[in-house]
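Q: So that you have it, the file is structure_5.cif, and it contains mmCIF, C-alpha atoms:
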```cif
data_structure
#
loop_
_atom_site.label_atom_id
_atom_site.label_comp_id
_atom_site.auth_asym_id
_atom_site.auth_seq_id
_atom_site.Cartn_x
_atom_site.Cartn_y
_atom_site.Cartn_z
CA MET A 16 8.27 -18.02 39.91
CA ARG A 17 4.80 -19.19 38.94
CA PRO A 18 4.62 -22.99 38.50
CA ALA A 19 4.55 -23.97 34.82
CA ASN A 20 1.41 -26.08 35.28
CA SER A 21 -0.55 -23.36 37.11
CA SER A 22 -3.87 -22.41 35.54
CA LYS A 23 -3.57 -18.85 36.80
CA ARG A 24 -2.80 -16.34 34.06
CA ALA A 25 0.58 -14.65 34.53
CA THR A 26 0.48 -10.94 35.34
CA ILE A 27 2.83 -8.06 34.65
CA THR A 28 3.84 -8.28 38.33
CA ASP A 29 4.87 -11.93 37.82
CA VAL A 30 6.98 -10.94 34.83
CA ALA A 31 8.66 -8.11 36.73
CA ARG A 32 9.45 -10.39 39.69
CA SER A 33 10.84 -13.11 37.38
CA ALA A 34 12.99 -10.66 35.41
CA GLY A 35 14.12 -8.78 38.51
CA VAL A 36 12.89 -5.43 37.25
CA SER A 37 10.08 -3.01 38.07
CA THR A 38 6.60 -3.26 36.60
CA SER A 39 7.18 0.09 34.89
CA ALA A 40 10.20 -1.41 33.13
CA VAL A 41 8.06 -4.29 31.88
CA SER A 42 5.46 -1.77 30.71
CA LYS A 43 8.13 0.10 28.75
CA VAL A 44 9.20 -3.11 27.02
CA LEU A 45 5.57 -3.89 26.15
CA ARG A 46 5.13 -0.40 24.70
CA ASN A 47 8.41 -0.63 22.78
CA ALA A 48 9.29 2.68 24.44
CA TYR A 49 12.57 4.52 24.16
CA GLY A 50 15.17 4.22 26.90
CA VAL A 51 15.01 0.42 27.29
CA SER A 52 18.41 -1.23 27.04
CA PRO A 53 18.80 -4.35 24.87
CA ALA A 54 19.80 -6.35 27.98
CA MET A 55 16.66 -5.35 29.88
CA ARG A 56 14.45 -5.99 26.86
CA GLU A 57 15.97 -9.46 26.47
CA ARG A 58 15.54 -10.22 30.19
CA VAL A 59 11.89 -9.16 30.22
CA GLN A 60 11.05 -10.98 26.99
CA ALA A 61 12.68 -14.15 28.34
CA ALA A 62 10.56 -13.91 31.51
CA MET A 63 7.40 -13.39 29.46
CA ALA A 64 8.20 -16.43 27.33
CA GLU A 65 8.96 -18.60 30.35
CA LEU A 66 5.75 -17.57 32.13
CA GLY A 67 3.61 -17.68 29.00
CA TYR A 68 2.60 -14.09 29.65
CA ARG A 69 0.15 -12.45 27.24
CA PRO A 70 -0.99 -8.85 27.77
CA HIS A 71 -4.74 -8.63 28.33
CA ALA A 72 -6.11 -6.68 25.35
CA ALA A 73 -9.28 -5.50 27.09
CA ALA A 74 -7.39 -4.22 30.12
CA ARG A 75 -4.90 -2.42 27.91
CA GLY A 76 -7.80 -0.83 26.02
CA MET A 77 -9.20 0.56 29.28
CA ARG A 78 -5.79 2.06 30.02
CA GLY A 79 -5.97 3.90 26.68
CA ARG A 80 -4.25 1.54 24.24
CA THR A 81 -5.32 -1.70 22.54
CA TYR A 82 -2.10 -2.42 20.62
CA THR A 83 -4.09 -2.99 17.45
CA ILE A 84 -3.63 -1.36 14.05
CA GLY A 85 -6.26 -1.32 11.31
CA VAL A 86 -5.30 -1.48 7.63
CA LEU A 87 -7.82 -0.55 4.95
CA LEU A 88 -7.33 -2.21 1.54
CA ALA A 89 -9.17 -1.28 -1.63
CA SER A 90 -8.99 -4.91 -2.83
CA ILE A 91 -7.55 -8.23 -1.72
CA ARG A 92 -6.91 -9.22 -5.35
CA ASN A 93 -4.17 -6.68 -6.04
CA ALA A 94 -0.82 -8.38 -5.37
CA PHE A 95 0.82 -5.00 -4.75
CA TYR A 96 -1.13 -4.70 -1.51
CA ALA A 97 0.48 -7.94 -0.35
CA ASP A 98 3.89 -6.29 -0.82
CA LEU A 99 2.75 -3.31 1.26
CA LEU A 100 1.47 -5.61 4.00
CA ASP A 101 4.77 -7.51 4.06
CA GLY A 102 6.48 -4.21 4.84
CA VAL A 103 3.96 -3.32 7.54
CA ASN A 104 4.48 -6.72 9.17
CA THR A 105 8.25 -6.28 9.05
CA ALA A 106 7.99 -2.98 10.94
CA LEU A 107 5.63 -4.44 13.55
CA ARG A 108 7.65 -7.60 14.11
CA GLY A 109 8.99 -7.63 17.64
CA THR A 110 6.36 -5.18 18.88
CA GLU A 111 3.13 -5.91 20.72
CA TYR A 112 0.95 -4.55 17.92
CA ALA A 113 -1.49 -6.80 16.06
CA LEU A 114 -2.71 -6.09 12.55
CA PHE A 115 -6.36 -6.17 11.48
CA LEU A 116 -7.37 -5.92 7.81
CA GLY A 117 -10.49 -4.46 6.25
CA SER A 118 -11.11 -4.82 2.51
CA GLY A 119 -13.54 -2.54 0.69
CA GLY A 120 -14.10 -2.17 -3.04
CA SER A 121 -11.83 0.32 -4.78
CA SER A 122 -14.90 2.31 -5.83
CA GLU A 123 -17.06 1.65 -2.78
CA MET A 124 -16.90 4.92 -0.83
CA GLU A 125 -19.65 4.06 1.67
CA GLU A 126 -18.27 0.58 2.38
CA GLN A 127 -14.76 1.90 3.04
CA THR A 128 -16.09 4.69 5.25
CA LYS A 129 -18.05 2.15 7.30
CA LEU A 130 -14.92 0.03 7.71
CA ILE A 131 -12.72 2.81 9.09
CA HIS A 132 -15.49 3.88 11.46
CA THR A 133 -15.69 0.29 12.69
CA MET A 134 -11.94 0.24 13.28
CA ALA A 135 -12.12 3.50 15.22
CA ASP A 136 -15.10 2.28 17.26
CA ARG A 137 -13.04 -0.76 18.29
CA GLN A 138 -10.41 1.61 19.68
CA MET A 139 -7.64 0.63 17.31
CA ASP A 140 -4.53 2.64 18.10
CA GLY A 141 -3.83 3.66 14.51
CA LEU A 142 -4.96 3.31 10.91
CA ILE A 143 -3.10 2.71 7.64
CA LEU A 144 -5.30 3.58 4.67
CA ILE A 145 -4.13 2.24 1.30
CA ALA A 146 -5.42 4.36 -1.62
CA PRO A 147 -8.72 5.06 0.17
CA THR A 148 -11.91 6.23 -1.52
CA VAL A 149 -13.16 7.42 1.87
CA PRO A 150 -13.93 11.17 1.50
CA ARG A 151 -10.82 13.15 2.33
CA THR A 152 -12.69 15.39 4.77
CA GLU A 153 -13.72 12.29 6.71
CA VAL A 154 -10.13 11.01 6.82
CA VAL A 155 -8.95 14.41 8.12
CA ARG A 156 -11.67 14.40 10.78
CA LEU A 157 -10.91 10.86 11.90
CA ALA A 158 -7.13 11.40 11.82
CA ALA A 159 -7.58 14.16 14.42
CA GLU A 160 -8.72 11.41 16.80
CA VAL A 161 -6.84 8.31 15.59
CA PRO A 162 -3.22 8.38 14.32
CA THR A 163 -3.40 7.78 10.57
CA VAL A 164 -1.09 7.19 7.61
CA VAL A 165 -2.32 7.33 4.00
CA ILE A 166 -0.48 5.30 1.34
CA GLY A 167 -0.69 6.29 -2.32
CA HIS A 168 -2.47 9.65 -2.33
CA HIS A 169 -0.37 12.77 -2.82
CA ASP A 170 -2.77 15.03 -0.87
CA PRO A 171 -0.86 16.13 2.27
CA SER A 172 -2.49 17.26 5.51
CA PRO A 173 -1.28 18.23 8.99
CA ALA A 174 -3.68 15.57 10.29
CA TYR A 175 -2.02 12.49 8.76
CA ASP A 176 1.22 11.25 7.22
CA CYS A 177 1.58 10.28 3.54
CA VAL A 178 3.68 7.54 1.95
CA VAL A 179 3.80 7.86 -1.82
CA ASN A 180 5.78 6.85 -4.88
CA GLN A 181 7.42 9.30 -7.26
CA ASP A 182 4.86 8.30 -9.87
CA GLY A 183 5.94 10.85 -12.45
CA ALA A 184 9.47 9.45 -12.49
CA GLY A 185 8.12 5.89 -12.76
CA VAL A 186 5.96 6.73 -15.76
CA ASP A 187 8.86 8.46 -17.50
CA LEU A 188 10.87 5.27 -17.14
CA VAL A 189 8.15 3.21 -18.84
CA VAL A 190 7.43 5.59 -21.70
CA ASP A 191 11.12 6.25 -22.39
CA HIS A 192 11.76 2.49 -22.43
CA LEU A 193 9.00 1.89 -24.98
CA ILE A 194 10.08 4.85 -27.12
CA THR A 195 13.64 3.50 -27.16
CA LEU A 196 12.22 0.23 -28.52
CA GLY A 197 10.68 2.15 -31.42
CA HIS A 198 7.09 2.38 -30.17
CA ARG A 199 5.09 5.50 -30.90
CA ASP A 200 1.48 4.39 -30.51
CA ILE A 201 1.52 3.72 -26.76
CA ALA A 202 -1.82 3.49 -24.95
CA HIS A 203 -2.44 3.68 -21.21
CA LEU A 204 -4.90 1.69 -19.06
CA SER A 205 -5.96 3.71 -16.03
CA HIS A 206 -8.43 3.55 -13.15
CA PRO A 207 -11.65 5.55 -13.30
CA THR A 208 -11.89 8.54 -11.01
CA VAL A 209 -14.16 7.97 -8.01
CA ARG A 210 -16.41 11.00 -7.78
CA GLY A 211 -17.08 12.83 -4.55
CA THR A 212 -14.03 11.66 -2.59
CA GLN A 213 -12.30 15.10 -2.65
CA TRP A 214 -8.92 13.43 -3.22
CA GLU A 215 -7.31 15.52 -5.94
CA GLN A 216 -3.98 13.69 -6.16
CA ARG A 217 -4.75 9.99 -6.23
CA PRO A 218 -1.92 7.87 -7.73
CA GLU A 219 -3.83 7.21 -10.97
CA HIS A 220 -4.20 11.00 -11.42
CA HIS A 221 -0.43 11.41 -11.20
CA VAL A 222 0.23 8.47 -13.53
CA ARG A 223 -2.24 9.70 -16.17
CA ALA A 224 -0.82 13.23 -16.11
CA ALA A 225 2.75 11.94 -16.28
CA TYR A 226 1.88 9.64 -19.20
CA ARG A 227 0.41 12.51 -21.22
CA ALA A 228 3.38 14.72 -20.36
CA ALA A 229 5.86 12.01 -21.38
CA MET A 230 4.08 11.45 -24.69
CA ALA A 231 4.09 15.21 -25.32
CA ARG A 232 7.79 15.36 -24.46
CA HIS A 233 8.41 12.90 -27.30
CA ASP A 234 6.10 14.88 -29.65
CA LEU A 235 3.51 12.10 -29.48
CA ALA A 236 0.69 13.95 -27.73
CA ASP A 237 -1.68 13.27 -30.65
CA LEU A 238 -1.17 9.52 -30.21
CA ALA A 239 -1.79 9.48 -26.45
CA ARG A 240 -4.84 7.40 -25.47
CA VAL A 241 -6.16 6.65 -21.99
CA VAL A 242 -8.80 4.01 -21.23
CA HIS A 243 -10.34 4.20 -17.74
CA SER A 244 -11.05 0.49 -17.40
CA GLY A 245 -9.92 -0.12 -13.80
CA TYR A 246 -7.09 -1.74 -11.89
CA SER A 247 -8.26 -5.34 -12.03
CA ASP A 248 -7.82 -8.34 -14.30
CA GLU A 249 -11.28 -7.74 -15.76
CA GLY A 250 -10.57 -4.04 -16.17
CA GLY A 251 -7.35 -4.79 -18.02
CA TYR A 252 -9.16 -7.26 -20.27
CA ARG A 253 -11.94 -4.82 -21.15
CA GLY A 254 -9.54 -1.97 -21.77
CA ALA A 255 -7.27 -4.06 -23.95
CA MET A 256 -10.20 -5.39 -26.00
CA GLU A 257 -11.34 -1.81 -26.61
CA LEU A 258 -7.89 -0.75 -27.77
CA LEU A 259 -6.90 -3.82 -29.73
CA THR A 260 -10.15 -4.00 -31.72
CA SER A 261 -10.13 -0.29 -32.56
CA THR A 262 -9.35 1.05 -36.01
CA ARG A 263 -5.86 1.97 -34.76
CA PRO A 264 -4.62 -0.67 -32.33
CA PRO A 265 -1.54 0.40 -30.34
CA THR A 266 1.79 -1.37 -30.62
CA ALA A 267 2.32 -1.04 -26.85
CA ILE A 268 0.10 -0.83 -23.78
CA PHE A 269 1.16 0.62 -20.44
CA ALA A 270 -1.09 -0.67 -17.64
CA GLY A 271 -1.20 1.44 -14.49
CA ALA A 272 -1.11 -1.69 -12.33
CA ASP A 273 0.26 -5.21 -12.84
CA VAL A 274 -3.14 -6.67 -11.97
CA ALA A 275 -4.62 -4.88 -15.02
CA ALA A 276 -1.75 -6.11 -17.20
CA THR A 277 -2.79 -9.72 -16.52
CA GLY A 278 -6.10 -8.96 -18.22
CA VAL A 279 -4.23 -7.64 -21.27
CA PHE A 280 -2.52 -11.02 -21.64
CA ARG A 281 -5.95 -12.65 -21.73
CA ALA A 282 -7.31 -10.23 -24.32
CA ALA A 283 -4.25 -10.59 -26.54
CA ALA A 284 -4.46 -14.38 -26.47
CA GLU A 285 -8.17 -14.25 -27.35
CA LEU A 286 -7.37 -12.04 -30.36
CA GLY A 287 -4.47 -14.22 -31.49
CA LEU A 288 -1.83 -11.60 -30.67
CA ARG A 289 1.59 -12.57 -29.32
CA ILE A 290 3.30 -10.66 -26.51
CA PRO A 291 5.83 -9.14 -27.19
CA ASP A 292 6.01 -9.95 -30.93
CA ASP A 293 2.75 -8.23 -31.86
CA LEU A 294 2.18 -6.14 -28.74
CA SER A 295 4.51 -4.86 -26.03
CA LEU A 296 3.09 -4.66 -22.53
CA ALA A 297 4.37 -2.90 -19.40
CA GLY A 298 2.87 -2.77 -15.92
CA TYR A 299 3.29 -0.85 -12.69
CA ASN A 300 4.07 -2.16 -9.16
CA ASN A 301 6.49 -5.02 -10.04
CA THR A 302 4.51 -7.52 -8.02
CA SER A 303 5.54 -11.13 -7.52
CA VAL A 304 3.21 -12.07 -10.38
CA ALA A 305 5.25 -9.96 -12.83
CA ALA A 306 8.35 -12.06 -12.20
CA LEU A 307 6.64 -15.41 -12.87
CA ALA A 308 8.18 -17.11 -15.92
CA PRO A 309 4.92 -17.38 -17.93
CA VAL A 310 4.19 -13.68 -17.29
CA ASN A 311 7.67 -12.11 -17.45
CA LEU A 312 6.18 -8.61 -17.29
CA THR A 313 8.20 -5.43 -17.66
CA SER A 314 7.12 -3.30 -14.70
CA VAL A 315 7.97 -0.31 -12.53
CA ASP A 316 9.15 -1.28 -9.06
CA GLN A 317 7.72 1.05 -6.39
CA ALA A 318 9.49 -0.68 -3.51
CA GLY A 319 6.14 -1.74 -2.07
CA ALA A 320 7.55 -3.51 0.97
CA MET A 321 9.61 -0.45 1.86
CA MET A 322 6.54 1.77 1.49
CA GLY A 323 4.58 -0.47 3.86
CA GLU A 324 7.43 -0.56 6.36
CA THR A 325 7.74 3.22 6.22
CA ALA A 326 4.01 3.66 6.77
CA ALA A 327 4.05 1.43 9.84
CA ARG A 328 7.12 3.18 11.26
CA LEU A 329 5.49 6.59 10.81
CA LEU A 330 2.31 5.33 12.44
CA LEU A 331 4.17 4.01 15.48
CA GLU A 332 5.88 7.39 15.82
CA ARG A 333 2.46 9.05 15.85
CA ILE A 334 0.98 6.56 18.30
CA GLU A 335 3.96 6.91 20.65
CA LYS A 336 3.85 10.72 20.23
CA ARG A 337 7.48 10.85 19.14
CA ARG A 338 6.77 13.84 16.85
CA ASP A 339 4.08 16.44 16.40
CA ARG A 340 4.21 17.28 12.69
CA ALA A 341 3.00 15.49 9.56
CA VAL A 342 5.48 14.15 7.02
CA VAL A 343 5.37 12.96 3.41
CA MET A 344 7.74 10.14 2.43
CA ALA A 345 8.30 9.32 -1.25
CA SER A 346 9.96 6.20 -2.64
CA THR A 347 12.07 6.28 -5.81
CA PRO A 348 10.91 3.85 -8.52
CA HIS A 349 13.01 1.90 -10.98
CA LEU A 350 12.14 -0.03 -14.13
CA VAL A 351 12.51 -3.81 -14.30
CA PRO A 352 12.61 -4.74 -18.02
CA ARG A 353 11.47 -8.28 -18.81
CA GLY A 354 10.28 -10.25 -21.80
CA SER A 355 6.91 -8.55 -22.31
CA THR A 356 8.45 -5.59 -24.15
CA ALA A 357 10.36 -5.77 -27.41
CA PRO A 358 11.10 -3.59 -30.45
CA ALA A 359 7.98 -2.35 -32.20
CA PRO A 360 6.94 -4.31 -35.29
CA GLY A 361 8.90 -2.92 -38.23
CA ALA A 362 11.22 -0.89 -36.01
#
```
Would you mind giving the structure from this file in structure tokens?

A:
Amino acid sequence: MRPANSSKRATITDVARSAGVSTSAVSKVLRNAYGVSPAMRERVQAAMAELGYRPHAAARGMRGRTYTIGVLLASIRNAFYADLLDGVNTALRGTEYALFLGSGGSSEMEEQTKLIHTMADRQMDGLILIAPTVPRTEVVRLAAEVPTVVIGHHDPSPAYDCVVNQDGAGVDLVVDHLITLGHRDIAHLSHPTVRGTQWEQRPEHHVRAAYRAAMARHDLADLARVVHSGYSDEGGYRGAMELLTSTRPPTAIFAGADVAATGVFRAAAELGLRIPDDLSLAGYNNTSVAALAPVNLTSVDQAGAMMGETAARLLLERIEKRRDRAVVMASTPHLVPRGSTAPAPGA
């Protein structure tokens, strides 16, 4: 065994000798490959810990794998992305893969495209793209070279896997909840469509269509209103100010993301409106912010952590070549009613 105070970096051969196994067995443990017994994995991991062994990233890259995964975020301010990342980290825990994040603006097509090219140029083993505005044709082209999973968009392709939410079902839950409370004039805050991306089934597209369909189902199509103000605190504020200062202010607002709902709180307070007494408010994502006592936001839970975990699991399957076909995984949403929604005034 290598002396503990030796300055020489431990090698895979040292680990194999210490664990009493072959170097190929150690390699299998490092790759999290199939066919490794729990006892062998434990023996090898114990030897690595005792020797202070760390795989050399550059050498692994030359052998064809860097054990790095790139994640593209549209924004670091959306708390829902933190839930997704928690799930990704859960799936990668216990593996040799390291996570690298790139954040581009939700409407910045060129910036996001540059980021994923940078990740590919650094030989990352796989990419997880969260609601990308990168042109779809570019994602398809890149996914042919680098294993890729797309979260959020409902546009399937043989080149990549998709992890989505059943957005139509989630919107039905919100609208039905507000209708049950006596609301009829229900407005929706959405995200503006990014032109030129070729994504035809972004999540906001599904949510908008489902909202209009739900309003029509309740014979309220004439009252349906959509404001494309953006999924941000500022976007929610601007959209709410537009609606609440109009000649026909709604009695309820459904924000397509919790982060936009926080801006509605600000607008309502500025206008002297009380939530939920004067205005009911519902969000989407059920982030940790929604559950905070001062916020207490009714929201649709998309199981964000599970979506992130699923995306990472699918990506590892692609990287390890455990399957050769693309899949689409959809999570089932549920509504979490809280104190931001109440019976409509006069109901």

Q: Hey, what comes out of the PyMOL selection byres ((chain A and resi 56) around 10) on this file? Could you write it as a PyMOL selection string?

A: chain A and resi 34+40-41+43-45+47+51-55+57-62

Q: Name all residues at most 8 Å from Ala357 in chain A (count all atoms listed in the file; drop same-chain ones fewer than 3 positions away) and give them as a VMD selection string.

A: chain A and resid 196 291 to 292 295 354

Q: Write the selection just made, keeping C-alpha atoms, as a PDB file, keeping the file's coordinate frame?

A:
```
ATOM      1  CA  LEU A 196      12.220   0.230 -28.520  1.00  0.00           C
ATOM      2  CA  PRO A 291       5.830  -9.140 -27.190  1.00  0.00           C
ATOM      3  CA  ASP A 292       6.010  -9.950 -30.930  1.00  0.00           C
ATOM      4  CA  SER A 295       4.510  -4.860 -26.030  1.00  0.00           C
ATOM      5  CA  GLY A 354      10.280 -10.250 -21.800  1.00  0.00           C
TER       6      GLY A 354
END
```

Q: Identify which of the residues A:Lys23, A:Arg240, A:Arg353, A:Arg151 lies closest to Ser172 in chain A, counting all atoms listed in the file when measuring atom-to-atom distances.

A: A:Arg151

Q: Between CA of Ala184 in chain A and CA of Thr212 in chain A, what is the distance, to one decimal in Å?

A: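 These two atoms are separated by 25.6 Å.
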
Q: Could you tell me which of A:Leu100, A:Val30, A:Ala284, A:Val149 comes closest to Tyr68 in chain A if we count all atoms listed in the file?

A: A:Val30

Q: Should you be able to, write range 179-208 of chain A of this structure into a file that contains N, CA and C atoms, as a compact mmCIF listing (two decimals), in the first residue's frame.

A:
```txt
# COMPACT_ATOMS: atom_id res chain seq x y z
N VAL A 179 -40.81 16.17 -19.65
CA VAL A 179 -41.81 17.23 -19.67
C VAL A 179 -42.79 17.04 -18.51
N ASN A 180 -43.65 18.04 -18.36
CA ASN A 180 -44.77 17.96 -17.43
C ASN A 180 -46.06 17.87 -18.24
N GLN A 181 -47.07 17.24 -17.70
CA GLN A 181 -48.37 17.21 -18.35
C GLN A 181 -49.03 18.57 -18.11
N ASP A 182 -48.56 19.56 -18.88
CA ASP A 182 -48.96 20.94 -18.62
C ASP A 182 -50.46 21.17 -18.77
N GLY A 183 -51.07 20.50 -19.73
CA GLY A 183 -52.51 20.66 -19.90
C GLY A 183 -53.29 20.26 -18.66
N ALA A 184 -52.89 19.16 -18.05
CA ALA A 184 -53.56 18.70 -16.83
C ALA A 184 -53.33 19.69 -15.69
N GLY A 185 -52.12 20.23 -15.60
CA GLY A 185 -51.82 21.20 -14.54
C GLY A 185 -52.65 22.45 -14.66
N VAL A 186 -52.81 22.96 -15.88
CA VAL A 186 -53.61 24.17 -16.09
C VAL A 186 -55.07 23.90 -15.76
N ASP A 187 -55.59 22.74 -16.14
CA ASP A 187 -56.97 22.40 -15.80
C ASP A 187 -57.19 22.45 -14.29
N LEU A 188 -56.22 21.98 -13.54
CA LEU A 188 -56.34 22.00 -12.08
C LEU A 188 -56.48 23.42 -11.56
N VAL A 189 -55.68 24.34 -12.10
CA VAL A 189 -55.72 25.74 -11.65
C VAL A 189 -57.05 26.39 -12.00
N VAL A 190 -57.42 26.30 -13.27
CA VAL A 190 -58.64 26.97 -13.72
C VAL A 190 -59.86 26.40 -13.03
N ASP A 191 -59.94 25.08 -12.91
CA ASP A 191 -61.08 24.47 -12.22
C ASP A 191 -61.15 24.91 -10.77
N HIS A 192 -60.00 25.02 -10.13
CA HIS A 192 -59.95 25.48 -8.73
C HIS A 192 -60.51 26.90 -8.61
N LEU A 193 -60.09 27.79 -9.50
CA LEU A 193 -60.56 29.18 -9.43
C LEU A 193 -62.04 29.29 -9.79
N ILE A 194 -62.49 28.49 -10.75
CA ILE A 194 -63.91 28.48 -11.11
C ILE A 194 -64.76 28.02 -9.93
N THR A 195 -64.28 26.99 -9.24
CA THR A 195 -64.99 26.48 -8.06
C THR A 195 -65.14 27.55 -6.99
N LEU A 196 -64.17 28.46 -6.93
CA LEU A 196 -64.21 29.55 -5.95
C LEU A 196 -65.09 30.71 -6.43
N GLY A 197 -65.70 30.56 -7.59
CA GLY A 197 -66.62 31.59 -8.07
C GLY A 197 -66.01 32.60 -9.02
N HIS A 198 -64.75 32.41 -9.41
CA HIS A 198 -64.11 33.35 -10.33
C HIS A 198 -64.53 33.06 -11.77
N ARG A 199 -64.73 34.13 -12.51
CA ARG A 199 -65.01 34.00 -13.94
C ARG A 199 -63.99 34.79 -14.75
N ASP A 200 -63.65 35.96 -14.28
CA ASP A 200 -62.68 36.80 -14.99
C ASP A 200 -61.28 36.42 -14.52
N ILE A 201 -60.71 35.42 -15.16
CA ILE A 201 -59.40 34.87 -14.80
C ILE A 201 -58.42 35.19 -15.91
N ALA A 202 -57.37 35.94 -15.60
CA ALA A 202 -56.37 36.31 -16.60
C ALA A 202 -55.12 35.44 -16.43
N HIS A 203 -54.34 35.37 -17.49
CA HIS A 203 -53.14 34.53 -17.48
C HIS A 203 -51.91 35.34 -17.86
N LEU A 204 -50.84 35.21 -17.06
CA LEU A 204 -49.55 35.82 -17.36
C LEU A 204 -48.66 34.76 -17.98
N SER A 205 -48.19 35.01 -19.20
CA SER A 205 -47.40 34.05 -19.94
C SER A 205 -46.03 34.63 -20.28
N HIS A 206 -45.25 33.81 -20.99
CA HIS A 206 -43.92 34.23 -21.44
C HIS A 206 -43.97 34.51 -22.93
N PRO A 207 -43.34 35.57 -23.39
CA PRO A 207 -43.38 35.85 -24.83
C PRO A 207 -42.67 34.78 -25.64
N THR A 208 -43.18 34.52 -26.82
CA THR A 208 -42.57 33.54 -27.70
C THR A 208 -41.26 34.08 -28.26
```
